[in-house]
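Shown next, in structure tokens, is the structure this report addresses.
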Amino acid sequence: MKIHLKIWRQDSANVQGKMVDYDLDNLSPDMSFLEMLDYLNEQLAAKGERTVEFDHDCREGICGQCALVINGQPHGPEDHYTTCQTHLRTFKDGDTIYIEPFRAKAFPVIRDLKVDRGSFDRIIQAGGYISAMTGRAPEANSIPVHHHIAESAFDSAACIGCGACVAACKNSSAALFTSAKISHLVKLPQGQVERSERVVMMVNQHDDEGFGSCTHTGECAAVCPQEVGLDNIARMNSEYNKAVCALDQ
Ligand code: FES
């Protein structure tokens, strides 16, 4: 199949970028989206041109590195798929595909399609640690956790930190990401000791990084490849208000 690409090219964070046109032929519908970019880069390298830079790692939908906006939608047109799991059979022969980086003040472009998502690392870092008894590893069943709570905590922990929620949000809010990271510890007994401090530190770091506020449009959950739910944001807001009141006393 043939595909016409319009790709955002930008030499560095401090220079103006622009969309550049590329035509690709002899593509298999079974190629992954990233394999198509590999194929393009092989052609650019053979011509001595600078290749298109983009993030990727696992290519299995679990690391969250493949952060691209495809035809205006983070991770492309397929619901709840990552870019690396998207295949060319999703598109039609002769299609024009627009590829851009995730755009947010807190995700500055490094080059082309690569953005710096260090702000996510700093939000997690702000969450600190959990207190645990030192000494021998505790017996695995010494802290009973109800099955539905364990499953719910696992659903929150499924967030892969790709940043699609931020890219989709009109406010560039990272509320879904931050709330998922807060929720999975709030739900478990191991997260109780630092519960109040953690939520305040993480929400404050979210704001300090330049992410916007959540206005509950829900676009974040609609594009999340892991289907992390909006209930996490409601829980974060509730936890934050309780924590601020408790810490004030
Ligand atoms: S490359 Fe790891 S999720 Fe896409």
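Within each chain, counting starts at residue 1; across the structure tokens, chains are named A, B, ... in the order shown, with ligands numbered 1 upward in that order.
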
Quiz item: If you count only C-alpha atoms and all ligand atoms, which residues end up within 6 Å of ligand 1, as a list in words?
Solution: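 The residues within 6 Å of ligand 1, counting only C-alpha atoms and all ligand atoms, are His56, Asp57, Cys58, Arg59, Glu60, Gly61, Ile62, Cys63, Gly64, Gln65, Cys66, Thr82, Thr83 and Cys84 of chain A.
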
Exercise. Would you kindly return, as number ranges by chain, each protein, DNA or RNA residue with an atom no farther than 9 Å from any atom of region 198-211 of chain A, considering only C-alpha atoms and excluding same-chain residues fewer than 6 positions away?
Key: A: 104-106, 119-120, 122-129, 166, 171-175, 178-179, 182, 186, 236, 239-241, 243-244

Keeping only C-alpha atoms, take the residues you just selected and write them out as a PDB file, in the first residue's frame.
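Here's the written file part32.pdb:
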```pdb
ATOM      1  CA  ALA A 104       1.932  20.274  26.297  1.00  0.00           C
ATOM      2  CA  LYS A 105       3.901  22.946  28.113  1.00  0.00           C
ATOM      3  CA  ALA A 106       5.103  20.287  30.565  1.00  0.00           C
ATOM      4  CA  SER A 119       7.677  15.893  34.608  1.00  0.00           C
ATOM      5  CA  PHE A 120       5.910  12.536  35.121  1.00  0.00           C
ATOM      6  CA  ARG A 122       9.103  14.130  39.180  1.00  0.00           C
ATOM      7  CA  ILE A 123       5.421  13.678  40.122  1.00  0.00           C
ATOM      8  CA  ILE A 124       6.107  10.060  41.075  1.00  0.00           C
ATOM      9  CA  GLN A 125       9.274  11.122  42.900  1.00  0.00           C
ATOM     10  CA  ALA A 126       7.238  13.660  44.886  1.00  0.00           C
ATOM     11  CA  GLY A 127       5.102  10.767  46.151  1.00  0.00           C
ATOM     12  CA  GLY A 128       8.063   9.586  48.200  1.00  0.00           C
ATOM     13  CA  TYR A 129       8.161   6.156  49.787  1.00  0.00           C
ATOM     14  CA  VAL A 166      -2.170  15.020  28.748  1.00  0.00           C
ATOM     15  CA  ASN A 171      -6.077  21.924  29.568  1.00  0.00           C
ATOM     16  CA  SER A 172      -2.992  19.688  29.264  1.00  0.00           C
ATOM     17  CA  SER A 173      -3.888  18.257  32.648  1.00  0.00           C
ATOM     18  CA  ALA A 174      -2.116  15.182  33.984  1.00  0.00           C
ATOM     19  CA  ALA A 175      -4.919  14.505  36.463  1.00  0.00           C
ATOM     20  CA  THR A 178      -1.391  11.550  38.820  1.00  0.00           C
ATOM     21  CA  SER A 179      -4.625  10.168  40.216  1.00  0.00           C
ATOM     22  CA  ILE A 182      -2.089   8.087  43.919  1.00  0.00           C
ATOM     23  CA  VAL A 186      -4.452   4.684  48.552  1.00  0.00           C
ATOM     24  CA  MET A 236      -7.623  12.051  44.054  1.00  0.00           C
ATOM     25  CA  GLU A 239      -8.113  12.438  49.070  1.00  0.00           C
ATOM     26  CA  TYR A 240      -6.523  15.848  48.467  1.00  0.00           C
ATOM     27  CA  ASN A 241      -9.308  17.739  50.241  1.00  0.00           C
ATOM     28  CA  ALA A 243      -5.462  15.506  53.402  1.00  0.00           C
ATOM     29  CA  VAL A 244      -5.313  19.314  53.324  1.00  0.00           C
TER      30      VAL A 244
END
```

Compile a residue-level contact table for region 3-26 of chain A against region 90-102 of chain A at a cut-off of 8 Å, reporting for every qualifying residue the shortest atom pair and its distance in Å to one decimal, with only C-alpha atoms counted, rows ordered by chain and ascending number, as a tab-separated table.
```
residue	atom	partner	partner_atom	distance
A:Ile3	CA	A:Gly94	CA	5.1
A:His4	CA	A:Thr96	CA	4.6
A:Leu5	CA	A:Ile97	CA	5.0
A:Lys6	CA	A:Tyr98	CA	4.8
A:Ile7	CA	A:Ile99	CA	4.9
A:Trp8	CA	A:Glu100	CA	5.2
```

Filtering to C-alpha atoms, could you give me those residues as a PDB file, in the first residue's frame?
```pdb
ATOM      1  CA  ILE A   3       0.914   6.192   2.375  1.00  0.00           C
ATOM      2  CA  HIS A   4       1.558   9.915   2.300  1.00  0.00           C
ATOM      3  CA  LEU A   5       3.044  11.164   5.570  1.00  0.00           C
ATOM      4  CA  LYS A   6       3.101  14.652   7.019  1.00  0.00           C
ATOM      5  CA  ILE A   7       5.560  14.530   9.927  1.00  0.00           C
ATOM      6  CA  TRP A   8       6.495  17.210  12.445  1.00  0.00           C
TER       7      TRP A   8
END
```

Quiz item: Could you write out, as a PyMOL selection string, all the residues of region 2-247 of chain A that DSSP marks as strand (DSSP E or B)?
Solution: chain A and resi 3-9+18-24+32+68-70+73-74+87+96-101+104+107+109-111+114-115

Hey, can you spit out that residue selection with N, CA, C and O atoms as a tab-separated table (two decimals), in the first residue's frame?
```tsv
chain	number	residue	atom	x	y	z
A	3	ILE	N	1.34	5.26	1.31
A	3	ILE	CA	0.91	6.19	2.38
A	3	ILE	C	1.66	7.51	2.18
A	3	ILE	O	2.86	7.52	1.89
A	4	HIS	N	0.93	8.59	2.31
A	4	HIS	CA	1.56	9.91	2.30
A	4	HIS	C	1.64	10.39	3.75
A	4	HIS	O	0.63	10.40	4.46
A	5	LEU	N	2.85	10.74	4.18
A	5	LEU	CA	3.04	11.16	5.57
A	5	LEU	C	3.32	12.65	5.65
A	5	LEU	O	4.04	13.21	4.82
A	6	LYS	N	2.75	13.28	6.66
A	6	LYS	CA	3.10	14.65	7.02
A	6	LYS	C	3.61	14.58	8.45
A	6	LYS	O	2.83	14.32	9.37
A	7	ILE	N	4.92	14.77	8.62
A	7	ILE	CA	5.56	14.53	9.93
A	7	ILE	C	6.15	15.83	10.47
A	7	ILE	O	6.81	16.58	9.74
A	8	TRP	N	5.93	16.03	11.78
A	8	TRP	CA	6.50	17.21	12.44
A	8	TRP	C	8.00	17.03	12.58
A	8	TRP	O	8.47	16.06	13.17
A	9	ARG	N	8.77	17.97	11.98
A	9	ARG	CA	10.23	17.94	12.10
A	9	ARG	C	10.66	19.21	12.84
A	9	ARG	O	10.22	20.31	12.51
A	18	LYS	N	8.21	22.31	11.69
A	18	LYS	CA	7.23	22.38	10.59
A	18	LYS	C	6.86	20.97	10.14
A	18	LYS	O	7.60	20.00	10.41
A	19	MET	N	5.74	20.85	9.45
A	19	MET	CA	5.33	19.57	8.89
A	19	MET	C	6.10	19.34	7.59
A	19	MET	O	6.23	20.25	6.76
A	20	VAL	N	6.64	18.14	7.42
A	20	VAL	CA	7.39	17.78	6.21
A	20	VAL	C	6.71	16.58	5.55
A	20	VAL	O	6.26	15.65	6.24
A	21	ASP	N	6.62	16.59	4.23
A	21	ASP	CA	5.92	15.54	3.47
A	21	ASP	C	6.86	14.40	3.08
A	21	ASP	O	8.00	14.65	2.66
A	22	TYR	N	6.37	13.18	3.20
A	22	TYR	CA	7.10	11.99	2.75
A	22	TYR	C	6.11	11.03	2.08
A	22	TYR	O	4.98	10.87	2.56
A	23	ASP	N	6.56	10.38	1.00
A	23	ASP	CA	5.73	9.37	0.35
A	23	ASP	C	6.38	8.01	0.52
A	23	ASP	O	7.58	7.84	0.29
A	24	LEU	N	5.58	7.03	0.96
A	24	LEU	CA	6.08	5.67	1.11
A	24	LEU	C	5.25	4.74	0.24
A	24	LEU	O	4.03	4.87	0.14
A	32	SER	N	3.60	-2.74	11.51
A	32	SER	CA	3.16	-1.86	12.60
A	32	SER	C	3.47	-0.41	12.22
A	32	SER	O	4.28	-0.15	11.32
A	68	LEU	N	2.92	9.36	20.15
A	68	LEU	CA	2.71	10.12	18.92
A	68	LEU	C	1.24	10.52	18.81
A	68	LEU	O	0.35	9.76	19.21
A	69	VAL	N	1.03	11.69	18.24
A	69	VAL	CA	-0.32	12.09	17.87
A	69	VAL	C	-0.49	11.76	16.38
A	69	VAL	O	0.26	12.25	15.54
A	70	ILE	N	-1.44	10.90	16.10
A	70	ILE	CA	-1.66	10.43	14.72
A	70	ILE	C	-3.03	10.93	14.26
A	70	ILE	O	-4.05	10.60	14.87
A	73	GLN	N	-5.05	12.48	17.02
A	73	GLN	CA	-5.45	11.71	18.20
A	73	GLN	C	-4.24	11.02	18.82
A	73	GLN	O	-3.50	10.33	18.11
A	74	PRO	N	-4.02	11.19	20.13
A	74	PRO	CA	-2.90	10.50	20.77
A	74	PRO	C	-3.00	8.99	20.55
A	74	PRO	O	-4.04	8.39	20.78
A	87	HIS	N	-1.49	-0.92	13.51
A	87	HIS	CA	-0.95	-1.46	12.27
A	87	HIS	C	-1.50	-0.69	11.06
A	87	HIS	O	-2.53	-0.02	11.15
A	96	THR	N	-3.44	9.95	3.65
A	96	THR	CA	-2.46	10.90	4.20
A	96	THR	C	-2.56	10.83	5.72
A	96	THR	O	-3.65	10.90	6.29
A	97	ILE	N	-1.39	10.64	6.37
A	97	ILE	CA	-1.37	10.51	7.84
A	97	ILE	C	-0.52	11.64	8.41
A	97	ILE	O	0.63	11.84	8.01
A	98	TYR	N	-1.09	12.36	9.36
A	98	TYR	CA	-0.39	13.44	10.06
A	98	TYR	C	0.21	12.87	11.36
A	98	TYR	O	-0.51	12.24	12.15
A	99	ILE	N	1.51	13.09	11.58
A	99	ILE	CA	2.16	12.58	12.80
A	99	ILE	C	2.83	13.75	13.52
A	99	ILE	O	3.69	14.45	12.95
A	100	GLU	N	2.45	13.93	14.77
A	100	GLU	CA	2.98	15.04	15.58
A	100	GLU	C	3.39	14.52	16.96
A	100	GLU	O	2.92	13.46	17.40
A	101	PRO	N	4.22	15.28	17.68
A	101	PRO	CA	4.53	14.90	19.06
A	101	PRO	C	3.38	15.22	20.00
A	101	PRO	O	2.47	15.97	19.64
A	104	ALA	N	2.31	19.71	25.00
A	104	ALA	CA	1.93	20.27	26.30
A	104	ALA	C	3.12	21.07	26.80
A	104	ALA	O	4.28	20.73	26.51
A	107	PHE	N	5.57	19.03	28.51
A	107	PHE	CA	6.26	18.02	27.68
A	107	PHE	C	7.03	18.74	26.57
A	107	PHE	O	6.65	18.68	25.39
A	109	VAL	N	9.29	19.65	23.50
A	109	VAL	CA	9.83	18.84	22.40
A	109	VAL	C	11.35	18.79	22.51
A	109	VAL	O	12.01	19.82	22.72
A	110	ILE	N	11.92	17.59	22.41
A	110	ILE	CA	13.38	17.45	22.37
A	110	ILE	C	13.85	17.53	20.92
A	110	ILE	O	14.71	18.33	20.57
A	111	ARG	N	13.24	16.74	20.08
A	111	ARG	CA	13.54	16.76	18.65
A	111	ARG	C	12.44	15.98	17.91
A	111	ARG	O	12.04	14.90	18.36
A	114	LYS	N	10.01	13.40	19.57
A	114	LYS	CA	10.39	13.07	20.97
A	114	LYS	C	10.09	14.23	21.89
A	114	LYS	O	10.48	15.36	21.59
A	115	VAL	N	9.43	13.94	23.00
A	115	VAL	CA	9.20	14.97	24.01
A	115	VAL	C	9.80	14.53	25.34
A	115	VAL	O	9.99	13.33	25.59
```

Quiz item: From the set A:Lys242, A:Cys159, A:Glu197, A:Leu185, which residue has the shortest atom-to-atom contact distance to Gly229 (chain A), counting only C-alpha atoms?
Solution: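 Once distances to Gly229 (chain A) are computed over only C-alpha atoms, the minimum belongs to A:Cys159.
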
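Candidate residues A:Asp155, A:Glu194, A:Glu42, A:Asp121 were compared for distance to Asp231 (chain A), and the nearest is A:Asp155, using only C-alpha atoms.
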
Quiz item: Given the choices A:Gln10, A:Gln85, A:Thr134, A:Asn71, which gets closest to Phe54 (chain A) if the distance is worked out from only C-alpha atoms?
Solution: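 Between A:Gln10, A:Gln85, A:Thr134, A:Asn71, the residue approaching Phe54 (chain A) most closely is A:Gln10.
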
Quiz prompt | Pick from A:Ala45, A:Cys214, A:Met1, A:Leu176 nearest to Cys162 (chain A), counting only C-alpha atoms | solution = A:Leu176

Quiz item: Which residues in region 66-146 of chain A does DSSP call alpha helix (DSSP H)? List them as a ChimeraX atom specification.
Solution: /A:118-126

Any chance you can output those residues with N, CA, C and O atoms as a compact mmCIF listing (two decimals), in the first residue's frame?
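So selection_11.txt came out as:
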```
# COMPACT_ATOMS: atom_id res chain seq x y z
N GLY A 118 9.92 14.02 31.63
CA GLY A 118 10.52 13.97 32.96
C GLY A 118 9.60 14.52 34.03
O GLY A 118 9.74 14.18 35.22
N SER A 119 8.64 15.35 33.63
CA SER A 119 7.68 15.89 34.61
C SER A 119 6.90 14.76 35.27
O SER A 119 6.56 14.84 36.46
N PHE A 120 6.60 13.70 34.53
CA PHE A 120 5.91 12.54 35.12
C PHE A 120 6.79 11.87 36.18
O PHE A 120 6.31 11.47 37.24
N ASP A 121 8.08 11.75 35.88
CA ASP A 121 9.00 11.13 36.85
C ASP A 121 9.03 11.95 38.14
O ASP A 121 9.07 11.39 39.25
N ARG A 122 9.02 13.28 37.99
CA ARG A 122 9.10 14.13 39.18
C ARG A 122 7.82 14.06 40.01
O ARG A 122 7.86 14.20 41.23
N ILE A 123 6.67 13.86 39.36
CA ILE A 123 5.42 13.68 40.12
C ILE A 123 5.50 12.39 40.95
O ILE A 123 5.14 12.38 42.13
N ILE A 124 5.98 11.33 40.33
CA ILE A 124 6.11 10.06 41.07
C ILE A 124 7.12 10.22 42.20
O ILE A 124 6.91 9.78 43.33
N GLN A 125 8.22 10.90 41.89
CA GLN A 125 9.27 11.12 42.90
C GLN A 125 8.71 11.89 44.09
O GLN A 125 9.05 11.61 45.25
N ALA A 126 7.83 12.86 43.81
CA ALA A 126 7.24 13.66 44.89
C ALA A 126 6.40 12.81 45.83
O ALA A 126 6.19 13.17 46.98
```

All residues 10 Å or closer to Ala221 (chain A), only C-alpha atoms, same chain fewer than 2 positions away omitted, as a PDB file with C-alpha atoms, in the first residue's frame:
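Resulting contents of selection-v4.pdb:
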```pdb
ATOM      1  CA  HIS A  80      -7.283   2.043  23.744  1.00  0.00           C
ATOM      2  CA  ALA A 164      -1.756  10.383  26.063  1.00  0.00           C
ATOM      3  CA  CYS A 165      -4.110  11.748  28.733  1.00  0.00           C
ATOM      4  CA  ALA A 168      -5.748  14.720  24.633  1.00  0.00           C
ATOM      5  CA  CYS A 169      -6.754  17.187  27.351  1.00  0.00           C
ATOM      6  CA  LEU A 176      -5.579  11.000  35.131  1.00  0.00           C
ATOM      7  CA  PHE A 177      -1.911   9.968  35.380  1.00  0.00           C
ATOM      8  CA  THR A 217     -14.252  16.530  29.931  1.00  0.00           C
ATOM      9  CA  GLY A 218     -13.118  12.901  30.045  1.00  0.00           C
ATOM     10  CA  GLU A 219     -11.025  12.982  26.878  1.00  0.00           C
ATOM     11  CA  VAL A 223      -7.725   7.820  24.720  1.00  0.00           C
ATOM     12  CA  CYS A 224      -5.986   5.964  27.571  1.00  0.00           C
ATOM     13  CA  PRO A 225      -4.549   2.728  26.171  1.00  0.00           C
ATOM     14  CA  GLN A 226      -4.919   1.067  29.579  1.00  0.00           C
ATOM     15  CA  GLU A 227      -8.513   2.269  30.077  1.00  0.00           C
ATOM     16  CA  VAL A 228      -7.661   3.981  33.377  1.00  0.00           C
ATOM     17  CA  GLY A 229     -10.963   5.374  34.658  1.00  0.00           C
ATOM     18  CA  LEU A 230     -12.134   8.834  35.690  1.00  0.00           C
ATOM     19  CA  ASP A 231     -13.012   7.448  39.141  1.00  0.00           C
TER      20      ASP A 231
END
```

Self-check item: Long-range neighbours of Met133 (chain A) as a list in words, 12 Å cut-off, only C-alpha atoms, 3 positions minimum in chain
Solution: Ile130, Arg136, Ala137, Pro138, Gln190 and Val193 of chain A

Exercise. Could you tell me which of A:Lys181, A:Arg50, A:Arg117, A:Lys2 comes closest to Ser156 (chain A) if we count only C-alpha atoms?
Key: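 Using only C-alpha atoms, Ser156 (chain A) sits closest to A:Lys181.
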
Self-check item: Atom-to-atom span, CA of Glu139 (chain A) and CA of Gly191 (chain A), Å
Solution: 17.7 Å

Quiz item: Of the candidates A:Asp38, A:Leu188, A:Ser183, A:Leu113, which shows the shortest atom-to-atom distance to Ile149 (chain A), using only C-alpha atoms?
Solution: A:Leu188

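Atom pair CA of Lys170 (chain A) / CA of Ala13 (chain A) has a distance of 21.7 Å (rounded to one decimal).
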